[in-house]
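Each remark here refers to the structure printed beneath this line.
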There are 8 protein chains.
Amino acid sequence: VSDEIKLDLGRSARIGIEEALLCPGKSLTQITAILDRIADAGTTMLLTRLAADVEAALPQHHRVQLDYDPLSRTAWFGSVAPPRASGDVAIVTAGTSDLPVAREAARTLSYHGHAPTEIADVGVAGLWRLTERLPDLRAPRVVIAVAGMDAAIVSVLGGLLGNVLIAVPTSTGYGAARNGETALAASLTSCAPGVVVVNIDNGYGAACAALRVLGSG
Amino acid sequence: VSDEIKLDLGRSARIGIEEALLCPGKSLTQITAILDRIADAGTTMLLTRLAADVEAALPQHHRVQLDYDPLSRTAWFGSVAPPRASGDVAIVTAGTSDLPVAREAARTLSYHGHAPTEIADVGVAGLWRLTERLPDLRAPRVVIAVAGMDAAIVSVLGGLLGNVLIAVPTSTGYGAARNGETALAASLTSCAPGVVVVNIDNGYGAACAALRVLGSG
Amino acid sequence: VSDEIKLDLGRSARIGIEEALLCPGKSLTQITAILDRIADAGTTMLLTRLAADVEAALPQHHRVQLDYDPLSRTAWFGSVAPPRASGDVAIVTAGTSDLPVAREAARTLSYHGHAPTEIADVGVAGLWRLTERLPDLRAPRVVIAVAGMDAAIVSVLGGLLGNVLIAVPTSTGYGAARNGETALAASLTSCAPGVVVVNIDNGYGAACAALRVLGSG
Amino acid sequence: VSDEIKLDLGRSARIGIEEALLCPGKSLTQITAILDRIADAGTTMLLTRLAADVEAALPQHHRVQLDYDPLSRTAWFGSVAPPRASGDVAIVTAGTSDLPVAREAARTLSYHGHAPTEIADVGVAGLWRLTERLPDLRAPRVVIAVAGMDAAIVSVLGGLLGNVLIAVPTSTGYGAARNGETALAASLTSCAPGVVVVNIDNGYGAACAALRVLGSG
Amino acid sequence: VSDEIKLDLGRSARIGIEEALLCPGKSLTQITAILDRIADAGTTMLLTRLAADVEAALPQHHRVQLDYDPLSRTAWFGSVAPPRASGDVAIVTAGTSDLPVAREAARTLSYHGHAPTEIADVGVAGLWRLTERLPDLRAPRVVIAVAGMDAAIVSVLGGLLGNVLIAVPTSTGYGAARNGETALAASLTSCAPGVVVVNIDNGYGAACAALRVLGSG
Amino acid sequence: VSDEIKLDLGRSARIGIEEALLCPGKSLTQITAILDRIADAGTTMLLTRLAADVEAALPQHHRVQLDYDPLSRTAWFGSVAPPRASGDVAIVTAGTSDLPVAREAARTLSYHGHAPTEIADVGVAGLWRLTERLPDLRAPRVVIAVAGMDAAIVSVLGGLLGNVLIAVPTSTGYGAARNGETALAASLTSCAPGVVVVNIDNGYGAACAALRVLGSG
Amino acid sequence: VSDEIKLDLGRSARIGIEEALLCPGKSLTQITAILDRIADAGTTMLLTRLAADVEAALPQHHRVQLDYDPLSRTAWFGSVAPPRASGDVAIVTAGTSDLPVAREAARTLSYHGHAPTEIADVGVAGLWRLTERLPDLRAPRVVIAVAGMDAAIVSVLGGLLGNVLIAVPTSTGYGAARNGETALAASLTSCAPGVVVVNIDNGYGAACAALRVLGSG
Amino acid sequence: VSDEIKLDLGRSARIGIEEALLCPGKSLTQITAILDRIADAGTTMLLTRLAADVEAALPQHHRVQLDYDPLSRTAWFGSVAPPRASGDVAIVTAGTSDLPVAREAARTLSYHGHAPTEIADVGVAGLWRLTERLPDLRAPRVVIAVAGMDAAIVSVLGGLLGNVLIAVPTSTGYGAARNGETALAASLTSCAPGVVVVNIDNGYGAACAALRVLGSG
């Protein structure tokens with residue numbers, strides 16, 4: 001197993017974001033070996049898409065080192081410093097089903113020290129839910145909008161706000177929602193200028209993008 | 001040519017909508033032959049997607065009978081009665097590029113006697129343009145929303161209005177707009193309940209659907 | 001959990017349709033919390049796509065308030081008034097496999113007070129099944145046609161009937177049926193004029209569209 | 001050029017269908033060289049999808065040997081024997097725009113000696129047009145149904161007729177018609193049993209399939 | 001349940017093929033009710049895609065009437081007459097994984113009285129397997145070719161044989177095989193003339209098409 | 001025409017980016033009318049995707065006010081202030097064919113006052129071209145990477161740089177490049193963390209996103 | 001069962017690669033029957049995609065003859081000669097999740113006598129991991145690059161190395177990775193010249209291609 | 001213009017293949033500037049996809065240096081050494097329409113010194129054309145198979161030959177041929193082991209892959 005893994009431990013120094021461990025496709029043995037190395041190095045790691053049954057099957061001496069959140073399926077390994085509520089980032093979700101992805105973004109930001117504001121369930125079918133929160137949405141440097149189906153909230157926000165707006169399309173919905181492809185394409189073709197987009201359900205990626213912005217000046 | 005055409009002249013009596021002539025794929029000879037029959041029957045016909053150069057090539061004695069609108073590429077043949085401004089239908093467009101499709105819907109409705117209200121260029125990137133027209137949008141029985149790209153206006157309208165809402169996705173946009181497929185899928189997955197959808201760029205179909213509603217009681 | 005949910009309780013007053021609870025993607029905890037609020041508010045709610053095992057796991061004091069239909073996976077929560085058989089809407093299914101979607105539409109209409117007529121298993125492979133029911137299909141203001149595979153029934157009905165015709169493509173079929181994409185595209189390109197379409201398997205949406213028509217005049 | 005062409009002159013003896021010349025993608029020089037060989041061999045050839053401007057540019061001594069039909073873009077080269085009206089095959093078209101493809105099938109059959117019956121413009125939006133021709137459709141061994149958009153006529157015919165039924169989806173229509181993909185998928189998922197399908201716009205292929213049936217016993 | 005089913009018992013008289021029962025999407029209750037009716041009518045029925053666990057759960061008095069084949073998941077209900085080995089149809093499979101679909105075709109033909117010849121595992125990667133069986137393949141009126149992945153066997157057979165050739169693409173393979181879409185598209189674009197195609201994995205449909213040919217003269 | 005246009009003149013005050021005029025789908029009359037209004041308001045406007053022949057057909061009194069760049073098909077209308085070379089943004093192109101899109105981004109940034117650095121033709125097929133420019137790429141706050149085909153440069157940059165990285169997939173390439181869809185999907189699935197993406201060929205959108213970053217703090 | 005299987009035992013003599021047994025879609029009975037024949041012939045066989053539970057269910061007298069590798073789901077049946085470490089082939093993986101596919105390639109090569117070098121987890125997000133291994137990558141005649149998501153490593157390698165480069169796209173990733181379709185398309189459109197590609201997750205195919213190269217001179 | 005171009009002149013030394021100039025998307029000015037540099041460097045260059053009208057518009061002093069082939073749209077610039085007929089590579093085409101792509105491969109190989117054997121128009125619809133050339137196909141180290149539509153020739157060759165087999169899918173065909181996507185997918189899922197594939201119509205890439213093989217030992 002040892003030859004199969006080559007950690008990029010210098011990533012944080014190079015680009016300001018640590019390598020995270022995307023768990024699907026990795027065996028229990030491989031995940032354990034990676035955590036062994038992190039433990040040996042005395043550092044920390046963020047794990048994403050860690051299924052509850054895989055987490056439960058990890059060695060007990062690793063599990064006690066894990067702060068695991070089942071909603072987002074993220075885990076922090078090692079002594080992660082508590083984040084500060086800087087008000088730099090807000091995360092908006094269109095519906096309750098988008099929460100796991102939003103929480104993945106929030107947990108990734110918190111792991112890197114930035115506790116975001118979370119504003120949930122404000123989809124445009126009831127537009128008042130969104131407009132009443134506009135003051136909270138104008139303040140932060142970055143807004144992450146998490147939405148599935150037609151992702152209409154992205155364009156509404158993009159037309160009302162001047163901050164950095166990162167759309168995370170989600171795979172909620174059925175039929176023509178096409179597992180998030182429609183939300184993705186709709187976000188990419190938003191009529192509001194300057195919206196940027198990450199992969200479907202990629203809360204982790206949106207958080208990393210926000211970190212790039214926060215680190216940029 | 002005569003054997004190649006079989007008009008459904010009883011359609012209006014059967015379902016309340018006349019057969020229209022969708023011109024692409026028909027030769028000049030075939031279109032002329034159809035107009036000959038309509039002229040012989042002393043009745044009228046709506047032509048859709050009639051290209052300007054085809055219109056110009058029709059026999060002069062038919063052209064004088066045509067009321068041709070180049071923006072929508074529609075033509076009325078014969079003595080069409082003037083429509084009445086009933087206030088029954090409003091047609092909303094997200095952007096200027098959606099006007100040809102909106103106009104096709106308007107011309108189809110007018111041909112059948114219903115002059116709609118047209119509200120143009122009120123896409124959600126500038127949401128105030130839409131909200132300031134809400135009173136005009138609440139009054140009619142049917143609202144036709146014509147939009148390309150992410151078609152976000154559809155969900156915004158659907159959450160604010162209780163009337164019949166017919167979405168017409170358009171092929172405006174590029175790249176991930178995919179010739180209207182994104183607007184189509186986004187309209188079908190609108191988070192607002194009870195939105196109905198017609199084919200891409202199908203202003204004619206939206207108008208026919210509105211006619212079915214107006215005729216329903 | 002409380003912060004994760006923001007009900008749109010004013011929706012019915014605004015657009016005439018209550019907010020329903022689409023269950024997939026929501027946790028048992030979230031669904032329970034939503035029902036708590038509805039119970040506190042002394043009102044009612046429609047739940048859609050509620051899986052039988054999730055329903056069985058809800059708290060007993062909520063289950064006694066639920067009228068659950070396993071075929072359509074819908075539930076009514078609270079004291080829903082009995083519908084009246086107004087004859088306003090007919091729901092037609094092409095095949096037996098389309099019944100769950102049709103029943104979702106029927107249950108949504110009934111929840112809102114309109115008991116529809118249901119006409120099952122009349123696909124065009126045996127055309128006589130459909131034509132013998134034409135009198136029943138001409139009477140209501142709205143016909144909802146539920147069909148998978150090639151959805152040929154949509155065009156046949158659209159050419160014979162003048163009422164509002166709402167097509168619900170379903171995901172029945174295999175191979176080139178592409179989980180309902182073919183039925184969806186076929187409905188959108190129906191040669192009959194004025195057919196409107198909702199998302200694949202979206203019986204709920206078709207019913208909401210019918211409610212918009214019934215409320216329109 | 002000579003090395004670039006290898007005619008399969010034994011095909012007719014082997015499978016009962018002659019090699020035809022599909023013209024797109026071939027240069028004028030190549031087409032001319034092929035006709036030279038056919039002329040040298042004293043035999044005949046069917047050319048398909050021969051654009052009018054290419055036909056006009058062929059050498060005059062070849063053009064006088066060509067029986068060219070611009071609607072179907074087919075040509076017969078050499079002394080083709082006149083077909084007999086055997087009543088073996090009927091070709092049905094849903095709309096006028098499907099005629100070029102239907103004519104390609106008819107010309108291919110006639111080239112091989114079988115003059116088909118052609119029944120045009122009987123799409124299901126006006127179902128009476130189709131049902132009034134049922135007696136003519138029950139007689140032949142093979143029915144070729146040529147239709148675009150939702151191709152609903154295929155299922156209607158398949159449920160009413162027991163003869164061999166070959167569907168030819170066409171690229172007529174726009175938007176969700178997707179250049180014939182929808183008609184193709186709808187034909188493949190027809191609810192009527194035993195419908196067979198050829199490629200989009202492939203009138204030639206449908207005729208060849210009919211020839212296989214006629215030759216089979 | 002009774003209202004949910006409308007059998008097309010006249011189908012055999014009308015088109016020469018009995019209505020079959022496609023089981024997926026139907027509940028145990030519905031399948032049982034249909035078999036009740038068939039038993040009452042004293043006739044027989046073909047069931048397709050009947051999963052083994054569903055078959056095992058049917059009422060015992062129905063199961064004793066069922067001739068169930070687990071490979072093809074088909075069942076004959078009632079006293080089906082034994083087929084005769086007419087030599088009219090051959091069924092060719094490219095690989096062992098295509099056998100369930102081929103067997104569905106064989107069982108459908110046998111149910112209707114025609115016992116086909118089955119020639120298995122003769123894919124073109126080992127071309128000699130196919131060419132050594134050519135004499136057996138030239139004799140029957142119809143050849144059904146069942147193949148997944150690139151379906152190359154279809155074109156090879158089409159160029160060598162003059163009988164009716166029905167391609168059944170299968171969902172065997174992975175990646176770019178796209179659940180049979182590649183085999184379907186490859187069959188439709190076969191360079192051999194006159195190949196006809198049915199839906200992916202549709203052995204039943206191919207058999208019905210063969211029945212149409214056999215019944216045609 | 002006047003009713004067809006509703007400019008969002010407050011956009012700059014609201015979100016810091018002016019409304020631009022996307023020209024395709026707009027008629028000469030409509031573009032002229034919009035420029036009339038801008039001229040009346042004494043302000044400026046950015047036009048994108050303005051075809052050379054349309055530009056040449058505009059009224060002369062508008063053309064003298066236009067700074068038109070044929071490579072990017074952008075125009076500045078009115079007295080646009082000269083940009084300052086702030087070093088805030090670098091624009092990297094993988095190949096020469098990506099230059100029109102890169103230039104659209106550069107012109108949009110310059111219109112808003114920020115002159116970017118342009119680094120051209122440094123695709124990864126010759127990796128040294130990219131690595132020798134790394135110092136220039138580490139300095140700016142935002143890097144815009146413009147690339148078609150497999151867009152591999154995006155991941156290479158994302159792994160080497162910590163600044164904000166905006167990928168603009170382009171439609172260069174053929175076949176499996178699928179008009180930019182492959183570059184788009186590859187950018188979205190970059191193995192480097194925190195890359196953000198805009199629509200295919202959307203240089204304008206990338207520049208607007210950069211403006212949001214520059215304005216964010 | 002015996003008639004259902006037709007082994008191509010002469011394949012190795014014909015093309016230098018033995019027929020392998022792709023297990024999915026084959027029943028336990030069929031796999032057993034094939035192994036019976038191989039055992040009878042006293043030869044060996046490579047099995048691919050053999051699920052662990054199927055392997056465990058094989059007859060014990062066959063299992064003792066199997067060298068089964070669960071990571072790659074490959075098995076060697078019979079007395080396979082040990083491979084030699086010729087240094088002819090290197091297999092590179094972008095990430096740990098790509099290992100099963102890489103191992104399938106390695107096991108296929110070893111089965112045929114060539115033990116490859118494996119270089120794991122050197123994706124371009126940390127480019128130094130790849131560049132530090134360049135000397136090892138320049139030596140072998142063939143490099144197999146196994147990568148999912150955007151497969152950027154393919155172009156980087158293709159621009160740095162002159163050996164034969166075979167890309168194996170994998171289905172790792174989610175959302176826009178589209179089960180390997182993006183990695184496949186990106187590999188096909190690599191900006192580096194002369195990269196060749198096999199099917200998604202087809203480690204077996206890549207190894208066979210390498211064998212063709214090694215056998216070619 | 002000078003800053004827009006960065007030639008990778010060391011590519012040949014690095015990987016054995018010179019940088020070629022893919023002309024689409026490059027302006028006449030840019031192509032001219034690149035040729036200027038090549039002329040200055042006293043070296044040579046291969047141009048691909050050079051349209052005839054662009055070639056005609058190049059400066060005369062460059063045109064005299066060009067060896068232009070209109071069929072393949074390739075040009076050699078400068079003093080290219082004549083190739084030697086090594087017999088290392090054979091190029092097979094399924095049909096006449098595939099010749100431009102095959103010739104692009106041949107011209108690329110010849111530019112690099114290897115004159116291939118070309119075997120044209122041997123598609124499997126007439127299998128004898130292919131089998132009679134088998135001796136010529138077994139000799140070379142590499143066979144390039146150029147085919148559109150279902151690309152069945154790829155599997156037939158792959159099962160008969162043990163040399164390196166490179167498939168070049170082409171965009172010939174219509175409808176379900178989907179501009180070469182079907183030939184591409186069929187080649188990738190070939191039932192013959194070890195076939196490798198390049199992008200649609202990418203004769204250049206196939207030749208470069210052959211060069212890698214020839215250079216590998």
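All residue names refer to the structure tokens as shown: chains lettered A, B, ... in order, residues numbered from 1 in each chain, ligands numbered from 1 in order.
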
Up to 9 Å from chain E, what residues of chain D turn up? Count only C-alpha atoms and give them as a VMD selection string.
chain D and resid 11 to 12 14 to 17 19 140 to 142 158 to 166 185 187 to 189 193 to 200 204 to 217

Would you list the contacts of Ala85 of chain F as a PyMOL selection string, taking every protein, DNA or RNA residue within 12 Å and counting only C-alpha atoms, but skipping same-chain residues closer than 3 positions in sequence?
chain F and resi 82+88-90+106+109-110+112-118+140

Take the residues from that selection and put them in a file with C-alpha atoms, as an mmCIF file, in the first residue's frame.
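What ended up in part01.cif:
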data_model
loop_
_atom_site.group_PDB
_atom_site.id
_atom_site.type_symbol
_atom_site.label_atom_id
_atom_site.label_comp_id
_atom_site.auth_asym_id
_atom_site.auth_seq_id
_atom_site.Cartn_x
_atom_site.Cartn_y
_atom_site.Cartn_z
ATOM 1 C CA PRO F 82 -7.866 54.621 -20.385
ATOM 2 C CA ASP F 88 -3.983 42.706 -10.838
ATOM 3 C CA VAL F 89 -4.968 40.233 -13.531
ATOM 4 C CA ALA F 90 -3.064 37.933 -15.879
ATOM 5 C CA ALA F 106 -8.826 41.765 -21.674
ATOM 6 C CA LEU F 109 -11.212 44.461 -17.956
ATOM 7 C CA SER F 110 -9.655 47.444 -19.691
ATOM 8 C CA HIS F 112 -13.529 48.826 -16.455
ATOM 9 C CA GLY F 113 -10.091 50.344 -15.832
ATOM 10 C CA HIS F 114 -7.861 47.318 -15.304
ATOM 11 C CA ALA F 115 -5.269 46.556 -17.998
ATOM 12 C CA PRO F 116 -4.323 42.893 -17.630
ATOM 13 C CA THR F 117 -1.105 41.114 -18.514
ATOM 14 C CA GLU F 118 -1.524 38.732 -21.477
ATOM 15 C CA PRO F 140 -1.435 39.062 -9.914
#

Just list as a VMD selection string whatever in segment 27-97 of chain D DSSP marks as strand (DSSP E or B).
chain D and resid 45 to 48 66 to 69 74 to 77 84 89 to 93

Using DSSP assignments from the backbone, pull out every residue in chain A that falls under helix (DSSP H, G or I) and give it to me as an MDAnalysis selection string.
chainID A and resid 2:4 11:15 28:41 52:57 60:63 96:111 124:131 134:138 152:160 175:188 203:214

Please, what distance in Å, to one decimal, runs between atom CA of Ser97 of chain E and atom CA of Lys26 of chain G?
5.5 Å

Counting only C-alpha atoms, what is within 10 Å of Lys6 of chain G, bar same-chain residues fewer than 3 positions away, as number ranges by chain?
E: 95-96, 119-123, 126, 129; G: 2-3, 9, 34

Generate a file of the selected residues that holds N, CA, C and O atoms, formatted as a short mmCIF file (atom, residue, chain, number, x, y, z; two decimals), in the first residue's frame.
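The new file part.cif reads:
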data_model
loop_
_atom_site.label_atom_id
_atom_site.label_comp_id
_atom_site.auth_asym_id
_atom_site.auth_seq_id
_atom_site.Cartn_x
_atom_site.Cartn_y
_atom_site.Cartn_z
N GLY E 95 -21.90 -12.69 -28.06
CA GLY E 95 -21.18 -13.19 -26.90
C GLY E 95 -22.12 -13.84 -25.90
O GLY E 95 -23.35 -13.71 -26.01
N THR E 96 -21.54 -14.53 -24.95
CA THR E 96 -22.34 -15.24 -23.96
C THR E 96 -23.24 -14.29 -23.18
O THR E 96 -24.37 -14.65 -22.79
N ILE E 119 -27.70 -19.72 -32.53
CA ILE E 119 -26.27 -19.84 -32.84
C ILE E 119 -25.55 -18.86 -31.93
O ILE E 119 -25.63 -17.65 -32.13
N ALA E 120 -24.82 -19.38 -30.92
CA ALA E 120 -24.33 -18.52 -29.85
C ALA E 120 -22.83 -18.25 -29.96
O ALA E 120 -22.07 -19.07 -30.47
N ASP E 121 -22.43 -17.08 -29.44
CA ASP E 121 -21.04 -16.75 -29.16
C ASP E 121 -20.17 -16.76 -30.41
O ASP E 121 -19.08 -17.33 -30.43
N VAL E 122 -20.62 -16.08 -31.46
CA VAL E 122 -19.87 -16.08 -32.71
C VAL E 122 -19.44 -14.66 -33.10
O VAL E 122 -19.47 -14.29 -34.28
N GLY E 123 -19.04 -13.86 -32.11
CA GLY E 123 -18.62 -12.48 -32.35
C GLY E 123 -17.44 -12.39 -33.31
O GLY E 123 -16.66 -13.34 -33.46
N GLY E 126 -13.38 -13.36 -33.33
CA GLY E 126 -12.91 -14.63 -33.90
C GLY E 126 -13.79 -14.95 -35.10
O GLY E 126 -14.74 -15.73 -34.99
N ARG E 129 -15.58 -18.27 -36.31
CA ARG E 129 -16.75 -18.81 -35.64
C ARG E 129 -18.04 -18.48 -36.40
O ARG E 129 -18.99 -19.23 -36.41
N SER G 2 -23.36 -25.96 -22.87
CA SER G 2 -22.23 -26.23 -23.76
C SER G 2 -22.36 -25.51 -25.11
O SER G 2 -21.39 -25.01 -25.65
N ASP G 3 -23.58 -25.46 -25.63
CA ASP G 3 -23.78 -24.80 -26.92
C ASP G 3 -23.64 -23.30 -26.85
O ASP G 3 -23.56 -22.62 -27.88
N LEU G 9 -9.88 -20.41 -29.24
CA LEU G 9 -8.60 -20.89 -28.72
C LEU G 9 -7.42 -20.56 -29.63
O LEU G 9 -6.28 -20.53 -29.20
N ILE G 34 -16.76 -22.74 -18.75
CA ILE G 34 -15.60 -22.28 -19.50
C ILE G 34 -14.32 -22.77 -18.83
O ILE G 34 -13.40 -23.27 -19.49
#

Set the distance at 10 Å and use only C-alpha atoms: which residues neighbour Ser79 of chain C once local chain neighbours fewer than 3 positions away are removed? I'd like the list as a ChimeraX atom specification.
/C:42-45,65-67,76,82

Which polymer residues have any atom within 12 Å of an atom of Pro100 of chain H, counting only C-alpha atoms, with same-chain residues fewer than 4 positions away left out, as a ChimeraX atom specification?
/D:4,25-27 /H:48-49,69-74,91,93,95-96,104-107,120,146-147,168,170-172,201-204

Report, in Å with one decimal, the straight-line distance from atom CA of Pro24 of chain F to atom CA of Leu50 of chain F.
7.2 Å
